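Have a look at final-v9.txt below; it lists compact mmCIF, C-alpha atoms (C1' of nucleotides).
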# COMPACT_ATOMS: atom_id res chain seq x y z
CA MET F 1 -0.82 -11.15 11.83
CA ASN F 2 -4.33 -10.48 10.58
CA GLN F 3 -5.78 -8.86 7.48
CA PRO F 4 -6.36 -5.32 8.83
CA ASP F 5 -2.88 -5.11 10.35
CA ALA F 6 -1.33 -6.44 7.14
CA ILE F 7 -3.15 -3.78 5.14
CA ASP F 8 -1.87 -1.08 7.49
CA ALA F 9 1.66 -2.36 6.98
CA PHE F 10 1.40 -2.61 3.20
CA SER F 11 -0.23 0.83 3.02
CA ALA F 12 2.61 2.25 5.07
CA LEU F 13 5.19 0.77 2.69
CA ALA F 14 3.24 1.80 -0.41
CA HIS F 15 4.60 5.32 -0.36
CA ASP F 16 7.78 6.67 -1.84
CA THR F 17 9.01 8.55 1.20
CA ARG F 18 7.94 5.97 3.78
CA LEU F 19 9.52 3.14 1.84
CA ALA F 20 12.74 5.16 1.64
CA ILE F 21 12.59 5.80 5.39
CA PHE F 22 12.05 2.15 6.20
CA ARG F 23 14.87 0.96 3.95
CA LEU F 24 17.16 3.57 5.44
CA LEU F 25 16.35 2.32 8.93
CA VAL F 26 17.00 -1.25 7.78
CA GLN F 27 20.40 -0.25 6.47
CA ARG F 28 21.20 1.67 9.65
CA GLY F 29 20.45 -1.37 11.76
CA PRO F 30 18.64 -2.31 14.95
CA ALA F 31 20.42 0.25 17.14
CA GLY F 32 18.12 2.92 15.76
CA THR F 33 18.50 6.24 13.97
CA PRO F 34 17.45 9.67 15.28
CA ALA F 35 14.40 11.12 13.52
CA MET F 36 16.29 14.30 12.72
CA GLU F 37 19.01 12.38 10.95
CA VAL F 38 16.42 10.58 8.84
CA GLY F 39 14.94 13.92 7.91
CA ARG F 40 18.32 15.37 7.07
CA LEU F 41 19.38 12.42 4.90
CA LEU F 42 16.09 12.33 2.99
CA ASP F 43 15.50 16.09 2.99
CA LEU F 44 12.11 16.06 4.70
CA LYS F 45 10.27 18.85 6.47
CA PRO F 46 9.71 18.17 10.17
CA SER F 47 5.93 17.87 9.94
CA THR F 48 6.10 15.59 6.92
CA LEU F 49 8.72 13.39 8.58
CA SER F 50 6.75 13.19 11.79
CA GLY F 51 3.62 12.06 9.99
CA HIS F 52 5.41 9.33 8.06
CA LEU F 53 7.26 8.02 11.10
CA ALA F 54 3.99 7.93 13.01
CA THR F 55 2.39 5.95 10.17
CA LEU F 56 5.23 3.43 10.14
CA LYS F 57 5.08 3.11 13.90
CA ARG F 58 1.31 2.66 13.94
CA ALA F 59 1.75 -0.07 11.34
CA GLY F 60 4.20 -1.87 13.59
CA LEU F 61 7.02 -1.61 11.08
CA VAL F 62 9.32 0.46 13.26
CA THR F 63 9.92 0.94 16.95
CA ALA F 64 10.68 4.24 18.64
CA GLU F 65 12.67 4.90 21.78
CA ARG F 66 13.54 8.19 23.34
CA GLN F 67 17.26 8.68 23.96
CA HIS F 68 17.96 12.02 25.63
CA ARG F 69 16.49 14.68 23.35
CA GLU F 70 16.12 12.55 20.26
CA ILE F 71 13.85 9.68 19.34
CA LEU F 72 15.62 6.70 17.84
CA TYR F 73 13.71 4.73 15.21
CA ALA F 74 14.57 1.15 14.33
CA PRO F 75 13.03 -1.30 11.87
CA SER F 76 11.02 -4.29 13.06
CA PHE F 77 12.29 -7.39 11.30
CA ASP F 78 9.64 -9.39 13.08
CA ALA F 79 7.01 -7.31 11.31
CA VAL F 80 8.50 -8.14 7.92
CA ASN F 81 8.62 -11.82 8.76
CA GLY F 82 5.05 -11.70 9.98
CA LEU F 83 3.90 -10.07 6.78
CA VAL F 84 5.57 -12.68 4.60
CA ARG F 85 4.19 -15.51 6.68
CA PHE F 86 0.72 -14.03 6.43
CA LEU F 87 1.02 -13.61 2.67
CA LEU F 88 2.13 -17.18 2.10
CA GLN F 89 -0.02 -18.84 4.74
CA ASP F 90 -1.42 -22.25 3.77
CA CYS F 91 0.50 -22.03 0.53
CA CYS F 92 -0.42 -24.34 -2.31
CA GLY F 93 -3.17 -26.12 -0.41
CA GLY F 94 -0.68 -27.73 1.94
CA ASP F 95 1.33 -29.33 -0.86
CA LYS F 96 4.72 -28.01 0.14
CA SER F 97 6.39 -29.67 -2.80
CA ALA F 98 4.49 -27.38 -5.15
CA CYS F 99 6.36 -24.31 -4.02
CA ALA F 100 9.57 -25.70 -2.54
CA GLY F 101 12.49 -23.43 -3.17
CA VAL F 102 10.54 -20.25 -3.71
CA VAL F 103 8.96 -20.08 -0.27
CA PRO F 104 10.89 -20.05 3.05
CA PRO F 105 10.67 -23.52 4.62
CA ASP F 106 8.96 -22.32 7.80
CA VAL F 107 5.89 -20.77 6.22
CA MET M 108 13.40 -4.83 -7.87
CA ASN M 109 13.41 -1.04 -7.72
CA GLN M 110 11.54 1.52 -5.67
CA PRO M 111 8.68 2.34 -8.09
CA ASP M 112 7.94 -1.33 -8.73
CA ALA M 113 8.04 -2.08 -5.03
CA ILE M 114 5.56 0.73 -4.39
CA ASP M 115 3.23 -0.67 -7.05
CA ALA M 116 3.39 -4.07 -5.39
CA PHE M 117 2.81 -2.75 -1.87
CA SER M 118 -0.02 -0.53 -3.10
CA ALA M 119 -1.63 -3.53 -4.75
CA LEU M 120 -1.46 -5.52 -1.51
CA ALA M 121 -2.64 -2.58 0.60
CA HIS M 122 -6.27 -3.22 -0.19
CA ASP M 123 -8.72 -5.49 1.55
CA THR M 124 -10.09 -7.21 -1.53
CA ARG M 125 -6.80 -7.46 -3.43
CA LEU M 126 -5.00 -8.90 -0.42
CA ALA M 127 -7.78 -11.47 -0.07
CA ILE M 128 -7.48 -12.31 -3.77
CA PHE M 129 -3.71 -12.73 -3.57
CA ARG M 130 -3.87 -14.93 -0.48
CA LEU M 131 -6.56 -17.03 -2.09
CA LEU M 132 -4.37 -17.54 -5.14
CA VAL M 133 -1.46 -18.48 -2.88
CA GLN M 134 -3.58 -21.09 -1.16
CA ARG M 135 -4.84 -22.42 -4.49
CA GLY M 136 -1.32 -22.92 -5.73
CA PRO M 137 0.77 -22.34 -8.83
CA ALA M 138 -1.58 -24.16 -11.21
CA GLY M 139 -3.80 -21.10 -11.25
CA THR M 140 -7.42 -20.30 -10.47
CA PRO M 141 -10.07 -19.06 -12.92
CA ALA M 142 -11.05 -15.42 -12.44
CA MET M 143 -14.69 -16.34 -12.20
CA GLU M 144 -14.02 -18.74 -9.35
CA VAL M 145 -12.13 -16.02 -7.47
CA GLY M 146 -15.10 -13.74 -7.95
CA ARG M 147 -17.53 -16.39 -6.79
CA LEU M 148 -15.54 -17.29 -3.67
CA LEU M 149 -15.04 -13.67 -2.63
CA ASP M 150 -18.41 -12.40 -3.88
CA LEU M 151 -17.13 -9.74 -6.25
CA LYS M 152 -18.84 -8.00 -9.15
CA PRO M 153 -17.19 -8.71 -12.51
CA SER M 154 -15.98 -5.16 -13.12
CA THR M 155 -14.60 -4.84 -9.61
CA LEU M 156 -12.84 -8.20 -9.86
CA SER M 157 -11.39 -7.35 -13.25
CA GLY M 158 -9.93 -4.12 -11.99
CA HIS M 159 -8.30 -5.71 -8.98
CA LEU M 160 -6.84 -8.59 -10.95
CA ALA M 161 -5.43 -6.11 -13.45
CA THR M 162 -3.84 -4.14 -10.63
CA LEU M 163 -2.23 -7.26 -9.18
CA LYS M 164 -1.00 -8.29 -12.60
CA ARG M 165 0.40 -4.85 -13.38
CA ALA M 166 2.24 -5.00 -10.07
CA GLY M 167 3.81 -8.31 -11.06
CA LEU M 168 2.24 -10.16 -8.16
CA VAL M 169 0.21 -12.56 -10.24
CA THR M 170 0.46 -14.13 -13.66
CA ALA M 171 -2.43 -14.72 -16.02
CA GLU M 172 -2.82 -17.40 -18.64
CA ARG M 173 -5.78 -18.01 -20.89
CA GLN M 174 -7.08 -21.58 -20.76
CA HIS M 175 -10.01 -22.07 -23.12
CA ARG M 176 -12.64 -19.56 -22.10
CA GLU M 177 -11.25 -18.72 -18.71
CA ILE M 178 -8.19 -16.85 -17.53
CA LEU M 179 -6.20 -18.63 -14.86
CA TYR M 180 -4.49 -16.45 -12.28
CA ALA M 181 -1.55 -17.68 -10.24
CA PRO M 182 0.58 -15.97 -7.57
CA SER M 183 4.18 -15.01 -8.27
CA PHE M 184 6.32 -16.25 -5.43
CA ASP M 185 9.31 -14.67 -7.10
CA ALA M 186 7.64 -11.29 -6.69
CA VAL M 187 7.24 -11.84 -2.95
CA ASN M 188 10.85 -12.90 -2.62
CA GLY M 189 11.95 -9.89 -4.62
CA LEU M 190 9.96 -7.56 -2.39
CA VAL M 191 11.48 -8.95 0.78
CA ARG M 192 14.97 -8.83 -0.63
CA PHE M 193 14.42 -5.22 -1.66
CA LEU M 194 13.08 -4.30 1.78
CA LEU M 195 16.01 -5.84 3.63
CA GLN M 196 18.75 -4.92 1.17
CA ASP M 197 22.08 -3.97 2.75
CA CYS M 198 20.59 -4.75 6.11
CA CYS M 199 22.35 -3.47 9.22
CA GLY M 200 25.18 -1.83 7.33
CA GLY M 201 26.59 -5.15 6.22
CA ASP M 202 26.91 -6.52 9.73
CA LYS M 203 25.01 -9.76 9.22
CA SER M 204 25.44 -10.76 12.83
CA ALA M 205 23.25 -7.83 13.85
CA CYS M 206 20.14 -9.34 12.37
CA ALA M 207 20.95 -13.05 12.17
CA GLY M 208 17.92 -15.18 12.76
CA VAL M 209 15.33 -12.58 11.86
CA VAL M 210 16.37 -12.12 8.25
CA PRO M 211 16.58 -14.88 5.61
CA PRO M 212 20.25 -15.82 5.12
CA ASP M 213 20.34 -14.91 1.44
CA VAL M 214 19.31 -11.28 1.74
C1' DT A 215 -22.71 -17.34 -38.17
C1' DT A 216 -25.24 -17.31 -33.80
C1' DC A 217 -25.31 -17.67 -29.02
C1' DA A 218 -23.67 -17.98 -24.32
C1' DT A 219 -19.93 -17.28 -21.24
C1' DA A 220 -16.01 -14.58 -19.57
C1' DT A 221 -13.69 -10.34 -19.07
C1' DT A 222 -12.62 -5.46 -19.87
C1' DT A 223 -13.54 -0.50 -20.47
C1' DC A 224 -15.73 3.74 -19.28
C1' DG A 225 -18.09 7.27 -16.52
C1' DT A 226 -19.35 9.08 -12.11
C1' DA A 227 -19.54 10.18 -7.36
C1' DA A 228 -17.78 9.49 -2.62
C1' DT A 229 -13.85 8.81 0.05
C1' DT A 230 -9.27 9.17 1.43
C1' DA A 231 -4.20 10.51 1.29
C1' DC A 232 -0.93 14.01 0.32
C1' DG A 233 2.75 17.96 1.60
C1' DC A 234 3.66 21.54 4.38
C1' DG A 235 3.26 26.16 6.88
C1' DA A 236 2.22 27.67 11.39
C1' DA A 237 1.55 26.93 15.97
C1' DA A 238 1.78 23.92 19.98
C1' DT A 239 4.10 20.61 22.87
C1' DA A 240 8.08 17.96 25.06
C1' DA A 241 12.52 17.35 27.01
C1' DA A 242 16.98 18.69 28.57
C1' DG A 243 20.76 22.09 29.54
C1' DG A 244 22.29 26.52 31.58
C1' DC W 245 12.93 29.64 35.06
C1' DC W 246 14.37 30.34 30.37
C1' DT W 247 16.23 28.95 26.08
C1' DT W 248 17.28 25.73 22.65
C1' DT W 249 16.38 21.65 20.25
C1' DA W 250 13.21 17.97 18.76
C1' DT W 251 8.79 16.49 17.54
C1' DT W 252 3.77 16.67 17.01
C1' DT W 253 -0.78 18.61 15.86
C1' DC W 254 -3.86 21.25 13.01
C1' DG W 255 -5.79 23.07 8.84
C1' DC W 256 -5.93 23.74 4.07
C1' DG W 257 -6.08 22.90 -0.87
C1' DT W 258 -4.95 19.33 -4.17
C1' DA W 259 -4.71 14.85 -6.13
C1' DA W 260 -5.45 9.93 -6.32
C1' DT W 261 -8.38 5.77 -5.32
C1' DT W 262 -12.58 3.42 -4.73
C1' DA W 263 -16.98 0.50 -6.24
C1' DC W 264 -19.97 -0.58 -9.62
C1' DG W 265 -23.64 -0.18 -13.36
C1' DA W 266 -23.83 -0.27 -18.21
C1' DA W 267 -21.97 -1.20 -22.40
C1' DA W 268 -18.35 -3.19 -25.18
C1' DT W 269 -15.25 -6.89 -26.33
C1' DA W 270 -13.29 -11.66 -26.67
C1' DT W 271 -13.48 -16.57 -26.82
C1' DG W 272 -15.27 -21.02 -27.78
C1' DA W 273 -19.43 -24.06 -28.64
C1' DA W 274 -23.32 -25.35 -31.48
I need this file expressed as structure tokens, please.
Amino acid sequence: MNQPDAIDAFSALAHDTRLAIFRLLVQRGPAGTPAMEVGRLLDLKPSTLSGHLATLKRAGLVTAERQHREILYAPSFDAVNGLVRFLLQDCCGGDKSACAGVVPPDV
Amino acid sequence: MNQPDAIDAFSALAHDTRLAIFRLLVQRGPAGTPAMEVGRLLDLKPSTLSGHLATLKRAGLVTAERQHREILYAPSFDAVNGLVRFLLQDCCGGDKSACAGVVPPDV
DNA sequence: TTCATATTTCGTAATTACGCGAAATAAAGG
DNA sequence: CCTTTATTTCGCGTAATTACGAAATATGAA
């Protein structure tokens, strides 16, 4: 993870509708959810939905796979982990004891 | 954590300079870093720095404490944890086995 | 108080993001 | 091929964000 990619990811999540989409995909699980179903559940116009899904995909936060007529979207947990690791990189000047308990041990 | 607060936090991080400031504070540790030193290290004008620090503080990502003449800024690790928990809430429809290993166990 | 240091507020101009209607494109079934 | 379903692209008007100079404010030292 690098700074520009992290900014793309945070920008993607910094939006009411996109954040709702991502959290919905998280709750639906790694098998993926059809775009149309996302739009139906969140009451989004097709063009608006398409733009937001494209933004999330470009940011690496979701993956897309065509299944017959529909496109299934699934969240990327690796992306979330990468973001957190990037945020907390070299935490506390290497003094792990300073932030033990509040930071995952593998950062 | 709720949706509007999460959006404020992600918006705050979705900016080149603010992300650099936050990561610098993380690396400096919980004792805090004077605003002026942040500005010196990242080469920021006072008004620009002030605005960005205020944004990060409003988003709950950093804390500020006056120490003599300076204001010490420190990162909030709790805020990061809260964001991640919010993002991954009710992951995979409650089927923890679906995302074991990629998601912290306490989400 | 007087001065120097540290930080915030305000105004402005340039840039970018936003939703969504309409039209175009893609894929699969009949 | 033709139709239906699913998704994307384009264009427009609107709204929010940005950096930063200049001035104001706050704090502590002399």
Interface residues on chain M facing chain F, 8 Å, only C-alpha atoms, written as a PyMOL selection string: chain M and resi 110-111+113-118+120-123+126+129-130+133-137+184-185+187-188+191+194-201+205-206+209-210
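Nearest residue to chain F, choosing from W:DA273, W:DC245, W:DA260, W:DT253 and counting only C-alpha atoms (C1' of nucleotides): W:DT253.
Of the listed residues (M:Ala171, M:Met143, M:Ile128, M:Leu156), M:Leu156 comes nearest to chain W; the distances count only C-alpha atoms (C1' of nucleotides).
Residues of chain F lying within 12 Å of chain W, counting only C-alpha atoms (C1' of nucleotides), are Pro34, Ala35, Met36, Glu37, Gly39, Lys45, Pro46, Ser47, Thr48, Leu49, Ser50, Gly51, His52, Leu53, Ala54, Arg66, Gln67, His68, Arg69, Glu70, Ile71 and Leu72 of chain F.
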Return as a Markdown table the residues of chain A lying at most 9 Å from chain M, together with the closest atom-to-atom pair for each and the distance in Å to one decimal, counting only C-alpha atoms (C1' of nucleotides), with rows in chain order and ascending residue number.
| residue | atom | partner | partner_atom | distance |
| --- | --- | --- | --- | --- |
| A:DT219 | C1' | M:Arg176 | CA | 7.7 |
| A:DA220 | C1' | M:Glu177 | CA | 6.4 |
| A:DT221 | C1' | M:Ser157 | CA | 6.9 |
| A:DT222 | C1' | M:Ser157 | CA | 7.0 |
Atom pair CA of Gly189 in chain M / CA of Ala166 in chain M: separation (Å): 12.2 Å
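Atom pair CA of Thr170 in chain M / CA of Met108 in chain M: separated by 17.0 Å.
The interatomic distance for the pair CA of Asp150 in chain M and CA of Thr124 in chain M works out to 10.1 Å.
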Let me have the centre and edge lengths in Å, one decimal, of the box along x, y and z around every listed atom of range 247-252 of chain W with 5 Å of margin on each side, as JSON.
{"center_x": 10.5, "center_y": 22.7, "center_z": 21.5, "size_x": 23.5, "size_y": 22.5, "size_z": 19.1}
